Amino acid sequence: MEFEAVIGLEVHAQLLTKSKIFCGCSTQFGSTPNSQTCPVCLGMPGVLPVLNRKVVDFAIMLGLATNSTINKNSYFARKNYFYPDLPKGYQISQYELPICSNGHLIIKTKDGEKKIGITRIHMEEDAGKLIHEGTYSLVDLNRTGTPLLEIVSEPDMRSPEEAVAYLKELRQILLYLGICDGNMEEGSFRCDANVSVRKKGDNKLGIKTELKNINSFRFIQRALEYEIERQIDIIESGNTIIQETRLFDSSKGITIPMRSKEEAHDYRYFPEPDLMPVFIDDAHIENIKNFLPELPYQKILRFREQYGLPEYDIDILTNEKEVADFYEKCLSLYNNPKALSNFFMTELLKELNERKCKIGDTKLNAENIVEIFKLLDEQKLNYNGAKALLPKIIDTGKSPSILLEEMGLMQISDTSTLESVIIEVLKSNKKELKEYLSGKDKLFAFFVGQVMKKTGGKANPKILQELLKEKLAKISIDDVDNL
Amino acid sequence: MAEINKDLVKYIAALARLEFDEEELDDFTEKFKNILDYVEQLKELNVDNVAPTYHINFNYNAMREDEVRESLEISQVLRNAPDKKEGFFKVPRVLE
């Protein structure tokens with residue numbers, strides 16, 4: 001029997017505001033425990049939460065970027081439950097009438113583009129953090145009240161790959177908008193997945209399980225794969241799925257039921273009387289629309305039309321907004337899209353990945369990158385030299401022409417110098433030379449390599465090849481021993 | 001509407017982390033019934049063309065700018081805590 005999976009995702013994205021959603025405490029990550037708390041986020045009686053304007057604007061931005069309806073009237077609600085990381089005994093969230101609804105994203109799948117519906121986006125506050133130690137737990141309430149957007153998808157995904165593609169697309173949009181840092185390890189982009197399976201062709205949904213708090217794309221993929229397999233096994237052996245919340249154990253690669261000693265979830269939502277309704281007028285939505293940055297899918301389209309780059313290049317260059325911006329800055333100073341794109345993909349991004357840093361963390365500037373290309377064009381530098389220069393440029397911010405001198409990477413284009421090196425190489429490799437002259441053409445590359453080695457990689461490759469060809473054409477096999 | 005009986009009152013009490021003896025439970029069951037019967041009268045009204053009331057205040061958009069204000073001193077934060085350790089609140093172990 002053939003089965004298909006049905007996956008819906010709930011994402012919690014922490015917003016990059018300076019202060020919390022309902023009070024002025026800082027949202028800085030990693031501070032001394034409980035140092036960023038006040039009577040409001042500690043849940044003291046009699047305090048009054050006041051909504052951070054920026055949270056509303058960020059929610060509208062994401063709503064517009066995901067083709068959602070921005071609901072002019074929306075309200076906050078109390079979600080009631082007891083847990084030590086929630087000092088008030090309720091979370092302020094939105095229930096009926098969230099700020100955005102009915103949106104969608106387009107993801108790329110192996111069968112082409114697919115539309116994934118977004119049911120709703122709502123504003124809420126984060127809970128605190130718990131550390132479990134032996135017989136007790138420790139509570140840090142710094143995170144309590146950090147603004148979150150919860151983004152709920154329709155159950156439109158049919159495979160772990162589609163789920164991961166949706167999450168990557170959503171994360172990229174949040175990063176482009178600059179409203180979330182997308183850091184999954186630190187928990188600023190968290191994901192819960194609802195999964196069920198059904199016989200292919202069935203319209204009725206199967207019984208679902210919920211996978212909680214999975215903190216990397218790789219783990220999401222593996223957790224979903226495991227869970228789908230598990231559910232199919234249960235159904236095939238004639239049993240029924242239990243609707244429950246499960247956790248992914250990344251060390252074993254399996255999902256296990258969450259040990260919950262509590263009663264069924266019964267949140268008893270009701271309208272939050274301490275917060276005024278949110279009303280958004282058309283002018284405000286229009287205003288935000290006008291300031292919306294270019295979004296990933298728009299940038300991809302423009303790169304395709306404007307620079308005629310291959311899809312592969314475009315995907316890599318637009319993956320991060322900072323890289324795309326830097327690429328375009330370089331391009332404005334040196335108009336060769338493909339040459340720059342190649343250099344970005346094979347050299348620059350590799351260097352940055354090795355350092356695990358972003359362009360902004362280094363001393364890189366567009367002028368220096370462009371100067372490398374000018375030196376290449378002027379034949380003062382060869383590609384090997386450019387590769388050797390790049391790490392120094394990244395680390396020191398010095399200009400390539402200064403580093404070129406300092407590091408002695410000036411390209412050797414002088415024919416008499418190169419000729420003497422060529423002769424030297426041929427003399428000391430007579431065996432290979434004879435083989436070459438008797439037809440083993442491949443050895444040409446060997447001689448080029450040897451000359452490069454002797455010149456410390458500085459030989460002008462074009463001139464070297466010409467000279468070498470010339471020289472080899474003049475030698476006959478009988479001359480070799482008398483060289 | 002769910003019928004108000006002793007089990008429902010027990011369930012609601014459990015959600016609120018409250019415990020009552022039998023006598024109290026009977027008392028609350030009776031009181032809950034009375035309250036809900038009273039509110040039930042609203043059903044006599046025709047509200048077909050009336051928007052639901054989410055808020056009784058006609059004001060809206062009371063917001064603040066995104067500015068950081070000073071938080072409490074940690075000693076103040078933990079002052080009422082029944083138990084604490086190294087700047088954390090200390091609570092009985094909760095299972096994940």
# chains A, B, ... in the order shown; residues from 1 in each chain; ligands from 1
$ closest_atom_pairs --of "chain A" --to "chain B" --cutoff "9 Å" --atoms "only C-alpha atoms" --output "CSV"
residue,atom,partner,partner_atom,distance
A:Thr17,CA,B:Asp66,CA,6.7
A:Lys18,CA,B:Asp66,CA,6.3
A:Ser19,CA,B:Val68,CA,5.1
A:Lys20,CA,B:Asp66,CA,8.0
A:Ile21,CA,B:Asp66,CA,8.5
A:Phe22,CA,B:Arg64,CA,8.6
A:Cys23,CA,B:Arg69,CA,8.1
A:Gly24,CA,B:Arg69,CA,4.6
A:Cys25,CA,B:Ser71,CA,5.6
A:Ser26,CA,B:Val68,CA,5.5
A:Thr27,CA,B:Val68,CA,8.7
A:Thr32,CA,B:Gly87,CA,8.0
A:Pro33,CA,B:Gly87,CA,6.1
A:Asn34,CA,B:Ile74,CA,6.4
A:Ser35,CA,B:Ile74,CA,5.6
A:Gln36,CA,B:Ser71,CA,5.5
A:Thr37,CA,B:Ser71,CA,5.4
A:Cys38,CA,B:Leu72,CA,5.3
A:Pro39,CA,B:Leu72,CA,7.9
A:Leu42,CA,B:Val77,CA,8.0
A:Val50,CA,B:Met63,CA,5.8
A:Leu51,CA,B:Met63,CA,4.8
A:Asn52,CA,B:Arg64,CA,5.1
A:Arg53,CA,B:Met63,CA,5.6
A:Lys54,CA,B:Asp66,CA,6.1
A:Val55,CA,B:Asp66,CA,8.5
A:Tyr75,CA,B:Tyr54,CA,7.5
A:Asn80,CA,B:Leu15,CA,8.9
A:Tyr81,CA,B:Leu15,CA,7.6
A:Phe82,CA,B:Ala16,CA,8.2
A:Tyr83,CA,B:Val94,CA,8.4
A:Pro84,CA,B:Val91,CA,7.5
A:Leu130,CA,B:Val94,CA,8.9
A:His132,CA,B:Arg93,CA,6.7
A:Glu133,CA,B:Arg93,CA,7.6
A:Gly134,CA,B:Arg93,CA,7.5
A:Thr135,CA,B:Arg93,CA,5.4
A:Tyr136,CA,B:Arg93,CA,3.8
A:Ser137,CA,B:Arg93,CA,4.7
A:Leu138,CA,B:Lys90,CA,4.7
A:Val139,CA,B:Phe89,CA,4.9
A:Asp140,CA,B:Phe88,CA,5.7
A:Leu141,CA,B:Phe88,CA,8.5
A:Met258,CA,B:Glu96,CA,7.0
A:Arg259,CA,B:Glu96,CA,6.6
A:Ser260,CA,B:Leu95,CA,7.3
A:Lys261,CA,B:Leu95,CA,8.1
A:Glu263,CA,B:Leu15,CA,8.0
A:Asp266,CA,B:Leu15,CA,8.0
A:Phe270,CA,B:Tyr54,CA,8.8
A:Pro271,CA,B:Tyr54,CA,6.0
A:Glu272,CA,B:His55,CA,8.2
A:Pro273,CA,B:His55,CA,6.7
A:Leu275,CA,B:Ala62,CA,7.6
A:Met276,CA,B:Tyr60,CA,4.9
A:Pro277,CA,B:Tyr60,CA,5.0
A:Val278,CA,B:Asn61,CA,5.0
A:Phe279,CA,B:Asn61,CA,6.2
A:Ile280,CA,B:Asn61,CA,8.5
$ write_last_selection --atoms "C-alpha atoms" --output "compact mmCIF listing (two decimals), in the first residue's frame"
# COMPACT_ATOMS: atom_id res chain seq x y z
CA THR A 17 13.27 44.52 18.78
CA LYS A 18 15.41 46.21 21.41
CA SER A 19 12.81 45.84 24.13
CA LYS A 20 10.23 43.22 25.06
CA ILE A 21 6.71 43.08 23.66
CA PHE A 22 4.88 44.48 26.70
CA CYS A 23 7.59 46.19 28.77
CA GLY A 24 10.87 48.07 28.37
CA CYS A 25 13.21 45.25 29.44
CA SER A 26 16.02 44.46 27.01
CA THR A 27 15.79 41.41 24.74
CA THR A 32 23.01 37.35 33.51
CA PRO A 33 19.94 35.27 34.51
CA ASN A 34 16.93 37.34 35.52
CA SER A 35 18.78 40.64 34.98
CA GLN A 36 16.34 41.69 32.24
CA THR A 37 13.09 41.47 34.14
CA CYS A 38 10.61 43.90 35.69
CA PRO A 39 7.25 43.69 37.43
CA LEU A 42 7.68 38.84 36.08
CA VAL A 50 1.77 48.10 26.92
CA LEU A 51 2.27 46.88 23.36
CA ASN A 52 5.56 47.58 21.57
CA ARG A 53 4.67 49.40 18.32
CA LYS A 54 7.52 47.75 16.43
CA VAL A 55 6.10 44.27 17.00
CA TYR A 75 -7.01 41.38 19.56
CA ASN A 80 -3.99 29.79 30.33
CA TYR A 81 -1.67 27.11 31.61
CA PHE A 82 0.73 26.54 34.49
CA TYR A 83 4.41 26.01 33.90
CA PRO A 84 7.34 27.48 35.85
CA LEU A 130 14.37 26.27 32.46
CA HIS A 132 16.93 21.00 34.92
CA GLU A 133 19.32 19.90 37.64
CA GLY A 134 18.75 16.72 39.62
CA THR A 135 15.80 17.20 41.91
CA TYR A 136 15.03 20.78 41.00
CA SER A 137 14.78 23.16 38.05
CA LEU A 138 16.21 26.66 37.72
CA VAL A 139 14.21 29.47 36.11
CA ASP A 140 15.62 32.38 34.10
CA LEU A 141 12.94 34.86 33.06
CA MET A 258 6.75 13.58 25.63
CA ARG A 259 6.33 12.65 29.25
CA SER A 260 3.45 14.80 30.26
CA LYS A 261 2.01 14.25 33.71
CA GLU A 263 -4.21 16.81 31.85
CA ASP A 266 -7.25 23.09 27.78
CA PHE A 270 -10.33 34.62 26.53
CA PRO A 271 -9.79 38.21 25.34
CA GLU A 272 -6.94 39.99 27.16
CA PRO A 273 -8.63 42.83 29.06
CA LEU A 275 -4.50 45.37 26.18
CA MET A 276 -6.44 47.59 23.83
CA PRO A 277 -7.52 46.17 20.47
CA VAL A 278 -5.10 46.77 17.59
CA PHE A 279 -6.50 48.76 14.71
CA ILE A 280 -4.44 49.19 11.55
$ select_by_dssp --residues "chain B" --states "strand (DSSP E or B)" --output "list of chain:residue names"
B:Met63, B:Arg64, B:Lys84, B:Lys85, B:Phe88, B:Phe89, B:Lys90, B:Val91, B:Pro92
$ write_last_selection --atoms "N, CA, C and O atoms" --output "JSON list (two decimals), in the first residue's frame"
[["chain", "number", "residue", "atom", "x", "y", "z"],
["B", 63, "MET", "N", -0.03, 52.04, 22.45],
["B", 63, "MET", "CA", 1.27, 51.41, 22.22],
["B", 63, "MET", "C", 2.41, 52.27, 22.74],
["B", 63, "MET", "O", 2.24, 53.46, 22.98],
["B", 64, "ARG", "N", 3.59, 51.63, 22.86],
["B", 64, "ARG", "CA", 4.79, 52.36, 23.26],
["B", 64, "ARG", "C", 5.85, 52.19, 22.18],
["B", 64, "ARG", "O", 5.78, 51.30, 21.35],
["B", 84, "LYS", "N", 15.92, 30.09, 45.75],
["B", 84, "LYS", "CA", 16.71, 30.60, 44.63],
["B", 84, "LYS", "C", 18.09, 29.99, 44.65],
["B", 84, "LYS", "O", 18.53, 29.42, 45.66],
["B", 85, "LYS", "N", 18.80, 30.08, 43.51],
["B", 85, "LYS", "CA", 20.16, 29.57, 43.43],
["B", 85, "LYS", "C", 20.90, 30.35, 42.35],
["B", 85, "LYS", "O", 20.44, 30.39, 41.21],
["B", 88, "PHE", "N", 19.04, 32.42, 39.91],
["B", 88, "PHE", "CA", 17.87, 31.79, 39.31],
["B", 88, "PHE", "C", 16.78, 31.60, 40.37],
["B", 88, "PHE", "O", 17.09, 31.47, 41.56],
["B", 89, "PHE", "N", 15.53, 31.51, 39.91],
["B", 89, "PHE", "CA", 14.48, 30.99, 40.77],
["B", 89, "PHE", "C", 14.67, 29.48, 40.82],
["B", 89, "PHE", "O", 14.98, 28.87, 39.80],
["B", 90, "LYS", "N", 14.49, 28.91, 42.00],
["B", 90, "LYS", "CA", 14.64, 27.46, 42.11],
["B", 90, "LYS", "C", 13.27, 26.86, 42.38],
["B", 90, "LYS", "O", 12.56, 27.29, 43.30],
["B", 91, "VAL", "N", 12.87, 25.90, 41.54],
["B", 91, "VAL", "CA", 11.53, 25.30, 41.68],
["B", 91, "VAL", "C", 11.66, 23.77, 41.68],
["B", 91, "VAL", "O", 12.68, 23.24, 41.23],
["B", 92, "PRO", "N", 10.62, 23.07, 42.17],
["B", 92, "PRO", "CA", 10.68, 21.61, 42.10],
["B", 92, "PRO", "C", 10.88, 21.18, 40.65],
["B", 92, "PRO", "O", 10.39, 21.83, 39.74]]
$ residues_around --residues "A:Val421" --least-positions-apart "5" --cutoff "9 Å" --atoms "only C-alpha atoms" --output "number ranges by chain"
A: 416, 426, 451, 454-455
$ write_last_selection --atoms "all heavy atoms" --output "mmCIF file, in the first residue's frame"
data_model
loop_
_atom_site.group_PDB
_atom_site.id
_atom_site.type_symbol
_atom_site.label_atom_id
_atom_site.label_comp_id
_atom_site.auth_asym_id
_atom_site.auth_seq_id
_atom_site.Cartn_x
_atom_site.Cartn_y
_atom_site.Cartn_z
ATOM 1 N N SER A 416 61.889 36.182 -20.933
ATOM 2 C CA SER A 416 63.220 35.568 -20.747
ATOM 3 C C SER A 416 63.310 34.844 -19.405
ATOM 4 O O SER A 416 63.880 33.759 -19.311
ATOM 5 C CB SER A 416 64.334 36.613 -20.899
ATOM 6 O OG SER A 416 64.155 37.598 -19.922
ATOM 7 N N LEU A 426 62.646 21.336 -18.210
ATOM 8 C CA LEU A 426 62.763 20.288 -19.221
ATOM 9 C C LEU A 426 64.018 19.450 -18.996
ATOM 10 O O LEU A 426 64.003 18.227 -19.089
ATOM 11 C CB LEU A 426 62.767 20.905 -20.627
ATOM 12 C CG LEU A 426 61.474 21.611 -21.039
ATOM 13 C CD1 LEU A 426 61.597 22.196 -22.443
ATOM 14 C CD2 LEU A 426 60.276 20.676 -20.957
ATOM 15 N N VAL A 451 56.755 24.316 -13.782
ATOM 16 C CA VAL A 451 57.176 25.716 -13.893
ATOM 17 C C VAL A 451 56.488 26.563 -12.823
ATOM 18 O O VAL A 451 57.097 27.398 -12.159
ATOM 19 C CB VAL A 451 56.888 26.275 -15.308
ATOM 20 C CG1 VAL A 451 57.250 27.757 -15.372
ATOM 21 C CG2 VAL A 451 57.669 25.496 -16.360
ATOM 22 N N LYS A 454 58.172 26.071 -9.533
ATOM 23 C CA LYS A 454 59.465 26.751 -9.443
ATOM 24 C C LYS A 454 59.307 28.266 -9.285
ATOM 25 O O LYS A 454 60.171 28.929 -8.719
ATOM 26 C CB LYS A 454 60.301 26.450 -10.693
ATOM 27 C CG LYS A 454 61.045 25.119 -10.618
ATOM 28 C CD LYS A 454 62.387 25.268 -11.310
ATOM 29 C CE LYS A 454 63.280 24.046 -11.286
ATOM 30 N NZ LYS A 454 63.186 23.151 -10.177
ATOM 31 N N THR A 455 58.210 28.812 -9.845
ATOM 32 C CA THR A 455 58.018 30.263 -9.744
ATOM 33 C C THR A 455 57.130 30.628 -8.561
ATOM 34 O O THR A 455 56.667 31.758 -8.447
ATOM 35 C CB THR A 455 57.369 30.825 -11.023
ATOM 36 O OG1 THR A 455 56.121 30.140 -11.217
ATOM 37 C CG2 THR A 455 58.245 30.646 -12.241
#
$ atom_distance --atom1 "atom CA of A:Phe217" --atom2 "atom CA of A:Lys252"
16.6 Å
$ residues_around --residues "A:Gly308" --least-positions-apart "3" --cutoff "9 Å" --atoms "only C-alpha atoms" --output "number ranges by chain"
A: 303-305, 337-338
$ write_last_selection --atoms "N, CA and C atoms" --output "PDB file, in the first residue's frame"
ATOM      1  N   PHE A 303      17.840  39.341 -10.600  1.00  0.00           N
ATOM      2  CA  PHE A 303      19.184  38.861 -10.948  1.00  0.00           C
ATOM      3  C   PHE A 303      19.143  38.102 -12.273  1.00  0.00           C
ATOM      4  N   ARG A 304      18.061  37.325 -12.472  1.00  0.00           N
ATOM      5  CA  ARG A 304      17.907  36.548 -13.683  1.00  0.00           C
ATOM      6  C   ARG A 304      17.831  37.493 -14.885  1.00  0.00           C
ATOM      7  N   GLU A 305      16.996  38.508 -14.755  1.00  0.00           N
ATOM      8  CA  GLU A 305      16.773  39.418 -15.885  1.00  0.00           C
ATOM      9  C   GLU A 305      17.947  40.363 -16.107  1.00  0.00           C
ATOM     10  N   PRO A 337      29.374  40.375 -14.469  1.00  0.00           N
ATOM     11  CA  PRO A 337      28.572  39.562 -13.527  1.00  0.00           C
ATOM     12  C   PRO A 337      29.105  38.146 -13.339  1.00  0.00           C
ATOM     13  N   LYS A 338      29.448  37.468 -14.416  1.00  0.00           N
ATOM     14  CA  LYS A 338      29.809  36.055 -14.280  1.00  0.00           C
ATOM     15  C   LYS A 338      31.182  35.887 -13.621  1.00  0.00           C
TER      16      LYS A 338
END
$ residues_around --residues "A:Gln450" --least-positions-apart "2" --cutoff "10 Å" --atoms "only C-alpha atoms" --output "compact mmCIF listing (two decimals) with all heavy atoms, in the first residue's frame"
# COMPACT_ATOMS: atom_id res chain seq x y z
N VAL A 421 63.27 29.30 -16.86
CA VAL A 421 62.67 28.31 -15.95
C VAL A 421 62.19 27.09 -16.74
O VAL A 421 62.36 25.95 -16.31
CB VAL A 421 61.49 28.93 -15.15
CG1 VAL A 421 60.91 27.90 -14.18
CG2 VAL A 421 61.94 30.16 -14.38
N ILE A 422 61.61 27.34 -17.90
CA ILE A 422 61.12 26.24 -18.74
C ILE A 422 62.27 25.29 -19.10
O ILE A 422 62.15 24.06 -18.95
CB ILE A 422 60.43 26.78 -20.01
CG1 ILE A 422 59.10 27.43 -19.64
CG2 ILE A 422 60.21 25.66 -21.04
CD1 ILE A 422 58.42 28.17 -20.77
N GLU A 424 65.10 24.88 -17.61
CA GLU A 424 65.52 24.20 -16.38
C GLU A 424 64.61 22.99 -16.09
O GLU A 424 65.09 21.90 -15.80
CB GLU A 424 65.38 25.20 -15.23
CG GLU A 424 66.40 25.06 -14.14
CD GLU A 424 66.13 26.12 -13.07
OE1 GLU A 424 66.13 27.33 -13.40
OE2 GLU A 424 65.86 25.72 -11.92
N VAL A 425 63.30 23.21 -16.21
CA VAL A 425 62.33 22.15 -15.93
C VAL A 425 62.48 21.00 -16.93
O VAL A 425 62.48 19.83 -16.55
CB VAL A 425 60.89 22.72 -15.96
CG1 VAL A 425 59.85 21.59 -16.08
CG2 VAL A 425 60.63 23.53 -14.71
N LEU A 426 62.65 21.34 -18.21
CA LEU A 426 62.76 20.29 -19.22
C LEU A 426 64.02 19.45 -19.00
O LEU A 426 64.00 18.23 -19.09
CB LEU A 426 62.77 20.90 -20.63
CG LEU A 426 61.47 21.61 -21.04
CD1 LEU A 426 61.60 22.20 -22.44
CD2 LEU A 426 60.28 20.68 -20.96
N ASN A 429 63.69 16.93 -16.21
CA ASN A 429 62.64 15.92 -16.35
C ASN A 429 62.73 15.22 -17.72
O ASN A 429 61.74 15.17 -18.46
CB ASN A 429 61.26 16.56 -16.18
CG ASN A 429 61.04 17.07 -14.75
OD1 ASN A 429 60.86 16.30 -13.83
ND2 ASN A 429 61.13 18.38 -14.60
N ALA A 445 50.55 19.34 -19.14
CA ALA A 445 50.10 19.92 -17.87
C ALA A 445 51.13 19.70 -16.76
O ALA A 445 51.30 20.55 -15.87
CB ALA A 445 48.76 19.28 -17.47
N PHE A 446 51.84 18.56 -16.85
CA PHE A 446 52.88 18.28 -15.85
C PHE A 446 53.98 19.35 -15.91
O PHE A 446 54.40 19.89 -14.89
CB PHE A 446 53.46 16.88 -16.11
CG PHE A 446 54.76 16.60 -15.39
CD1 PHE A 446 54.77 16.30 -14.04
CD2 PHE A 446 55.97 16.68 -16.07
CE1 PHE A 446 55.95 16.05 -13.38
CE2 PHE A 446 57.17 16.44 -15.41
CZ PHE A 446 57.17 16.12 -14.05
N PHE A 447 54.41 19.70 -17.15
CA PHE A 447 55.47 20.72 -17.28
C PHE A 447 54.98 22.09 -16.80
O PHE A 447 55.71 22.81 -16.14
CB PHE A 447 55.95 20.80 -18.75
CG PHE A 447 56.60 19.52 -19.22
CD1 PHE A 447 56.10 18.81 -20.30
CD2 PHE A 447 57.72 19.02 -18.55
CE1 PHE A 447 56.69 17.63 -20.73
CE2 PHE A 447 58.32 17.83 -18.98
CZ PHE A 447 57.81 17.14 -20.06
N VAL A 448 53.72 22.40 -17.13
CA VAL A 448 53.15 23.67 -16.65
C VAL A 448 53.21 23.70 -15.13
O VAL A 448 53.66 24.67 -14.52
CB VAL A 448 51.69 23.86 -17.13
CG1 VAL A 448 51.04 25.08 -16.47
CG2 VAL A 448 51.63 23.98 -18.65
N MET A 452 55.19 26.31 -12.65
CA MET A 452 54.43 27.04 -11.63
C MET A 452 55.05 26.83 -10.25
O MET A 452 55.20 27.77 -9.46
CB MET A 452 52.97 26.53 -11.58
CG MET A 452 52.07 27.21 -12.56
SD MET A 452 51.91 28.98 -12.14
CE MET A 452 50.85 29.54 -13.46
N LYS A 453 55.45 25.60 -9.98
CA LYS A 453 56.04 25.26 -8.70
C LYS A 453 57.33 26.06 -8.49
O LYS A 453 57.56 26.65 -7.44
CB LYS A 453 56.33 23.76 -8.67
CG LYS A 453 56.27 23.14 -7.28
CD LYS A 453 56.28 21.64 -7.40
CE LYS A 453 56.86 20.98 -6.16
NZ LYS A 453 57.09 19.55 -6.40
N LYS A 454 58.17 26.07 -9.53
CA LYS A 454 59.47 26.75 -9.44
C LYS A 454 59.31 28.27 -9.28
O LYS A 454 60.17 28.93 -8.72
CB LYS A 454 60.30 26.45 -10.69
CG LYS A 454 61.04 25.12 -10.62
CD LYS A 454 62.39 25.27 -11.31
CE LYS A 454 63.28 24.05 -11.29
NZ LYS A 454 63.19 23.15 -10.18
N THR A 455 58.21 28.81 -9.85
CA THR A 455 58.02 30.26 -9.74
C THR A 455 57.13 30.63 -8.56
O THR A 455 56.67 31.76 -8.45
CB THR A 455 57.37 30.83 -11.02
OG1 THR A 455 56.12 30.14 -11.22
CG2 THR A 455 58.24 30.65 -12.24
N GLY A 456 56.90 29.67 -7.72
CA GLY A 456 56.03 29.93 -6.56
C GLY A 456 54.62 30.31 -7.00
O GLY A 456 53.96 31.12 -6.34
N GLY A 457 54.15 29.74 -8.10
CA GLY A 457 52.79 29.98 -8.56
C GLY A 457 52.59 31.33 -9.22
O GLY A 457 51.46 31.74 -9.48
$ closest_residue --among "A:Arg246, A:Lys440, A:Lys430, A:Lys199" --to "A:Glu2" --atoms "only C-alpha atoms"
A:Lys199
$ select_by_dssp --residues "stretch 45-219 of chain A" --states "helix (DSSP H, G or I)" --output "short mmCIF file (atom, residue, chain, number, x, y, z; two decimals) with C-alpha atoms, in the first residue's frame"
data_model
loop_
_atom_site.label_atom_id
_atom_site.label_comp_id
_atom_site.auth_asym_id
_atom_site.auth_seq_id
_atom_site.Cartn_x
_atom_site.Cartn_y
_atom_site.Cartn_z
CA ARG A 53 4.67 49.40 18.32
CA LYS A 54 7.52 47.75 16.43
CA VAL A 55 6.10 44.27 17.00
CA VAL A 56 2.93 45.28 15.14
CA ASP A 57 4.95 46.78 12.28
CA PHE A 58 7.15 43.68 12.00
CA ALA A 59 4.05 41.47 11.91
CA ILE A 60 2.58 43.61 9.11
CA MET A 61 5.89 43.36 7.21
CA LEU A 62 5.89 39.58 7.38
CA GLY A 63 2.21 39.50 6.48
CA LEU A 64 2.83 41.55 3.34
CA ALA A 65 5.89 39.48 2.42
CA PRO A 160 10.26 16.13 4.80
CA GLU A 161 12.01 17.83 1.84
CA GLU A 162 9.03 20.10 1.24
CA ALA A 163 8.86 20.93 4.94
CA VAL A 164 12.53 21.90 4.99
CA ALA A 165 12.13 23.94 1.77
CA TYR A 166 9.23 25.85 3.35
CA LEU A 167 11.23 26.54 6.52
CA LYS A 168 14.25 27.75 4.57
CA GLU A 169 12.09 30.04 2.45
CA LEU A 170 10.34 31.47 5.50
CA ARG A 171 13.60 31.97 7.36
CA GLN A 172 15.15 33.72 4.37
CA ILE A 173 12.20 36.13 4.16
CA LEU A 174 12.52 36.93 7.89
CA LEU A 175 16.24 37.60 7.40
CA TYR A 176 15.68 39.76 4.32
CA LEU A 177 13.08 41.77 6.24
CA PHE A 217 17.05 21.79 9.33
CA ARG A 218 18.90 18.47 9.38
CA PHE A 219 17.09 17.33 12.53
#
$ residues_around --residues "B:Glu3" --least-positions-apart "5" --cutoff "12 Å" --atoms "only C-alpha atoms" --output "list in words"
Leu8, Val9, Thr29, Glu30, Phe32, Lys33, Leu36 and Asp37 of chain B
$ write_last_selection --atoms "N, CA, C and O atoms" --output "mmCIF file, in the first residue's frame"
data_model
loop_
_atom_site.group_PDB
_atom_site.id
_atom_site.type_symbol
_atom_site.label_atom_id
_atom_site.label_comp_id
_atom_site.auth_asym_id
_atom_site.auth_seq_id
_atom_site.Cartn_x
_atom_site.Cartn_y
_atom_site.Cartn_z
ATOM 1 N N LEU B 8 -17.102 18.240 36.367
ATOM 2 C CA LEU B 8 -16.632 19.408 35.626
ATOM 3 C C LEU B 8 -15.997 20.425 36.573
ATOM 4 O O LEU B 8 -14.945 21.009 36.280
ATOM 5 N N VAL B 9 -16.605 20.596 37.719
ATOM 6 C CA VAL B 9 -16.057 21.533 38.709
ATOM 7 C C VAL B 9 -14.687 21.042 39.184
ATOM 8 O O VAL B 9 -13.747 21.826 39.312
ATOM 9 N N THR B 29 -20.598 23.638 42.597
ATOM 10 C CA THR B 29 -21.425 23.133 41.494
ATOM 11 C C THR B 29 -22.737 23.915 41.453
ATOM 12 O O THR B 29 -23.173 24.360 40.392
ATOM 13 N N GLU B 30 -23.315 24.117 42.619
ATOM 14 C CA GLU B 30 -24.564 24.861 42.724
ATOM 15 C C GLU B 30 -24.373 26.305 42.251
ATOM 16 O O GLU B 30 -25.137 26.829 41.447
ATOM 17 N N PHE B 32 -21.939 27.598 40.340
ATOM 18 C CA PHE B 32 -21.639 27.663 38.899
ATOM 19 C C PHE B 32 -22.929 27.603 38.085
ATOM 20 O O PHE B 32 -23.131 28.347 37.138
ATOM 21 N N LYS B 33 -23.800 26.676 38.503
ATOM 22 C CA LYS B 33 -25.080 26.519 37.798
ATOM 23 C C LYS B 33 -25.865 27.830 37.818
ATOM 24 O O LYS B 33 -26.362 28.270 36.783
ATOM 25 N N LEU B 36 -24.288 30.480 35.530
ATOM 26 C CA LEU B 36 -24.496 30.213 34.105
ATOM 27 C C LEU B 36 -25.960 30.347 33.696
ATOM 28 O O LEU B 36 -26.265 30.844 32.615
ATOM 29 N N ASP B 37 -26.864 29.946 34.590
ATOM 30 C CA ASP B 37 -28.281 30.127 34.297
ATOM 31 C C ASP B 37 -28.593 31.605 34.117
ATOM 32 O O ASP B 37 -29.350 31.993 33.232
#
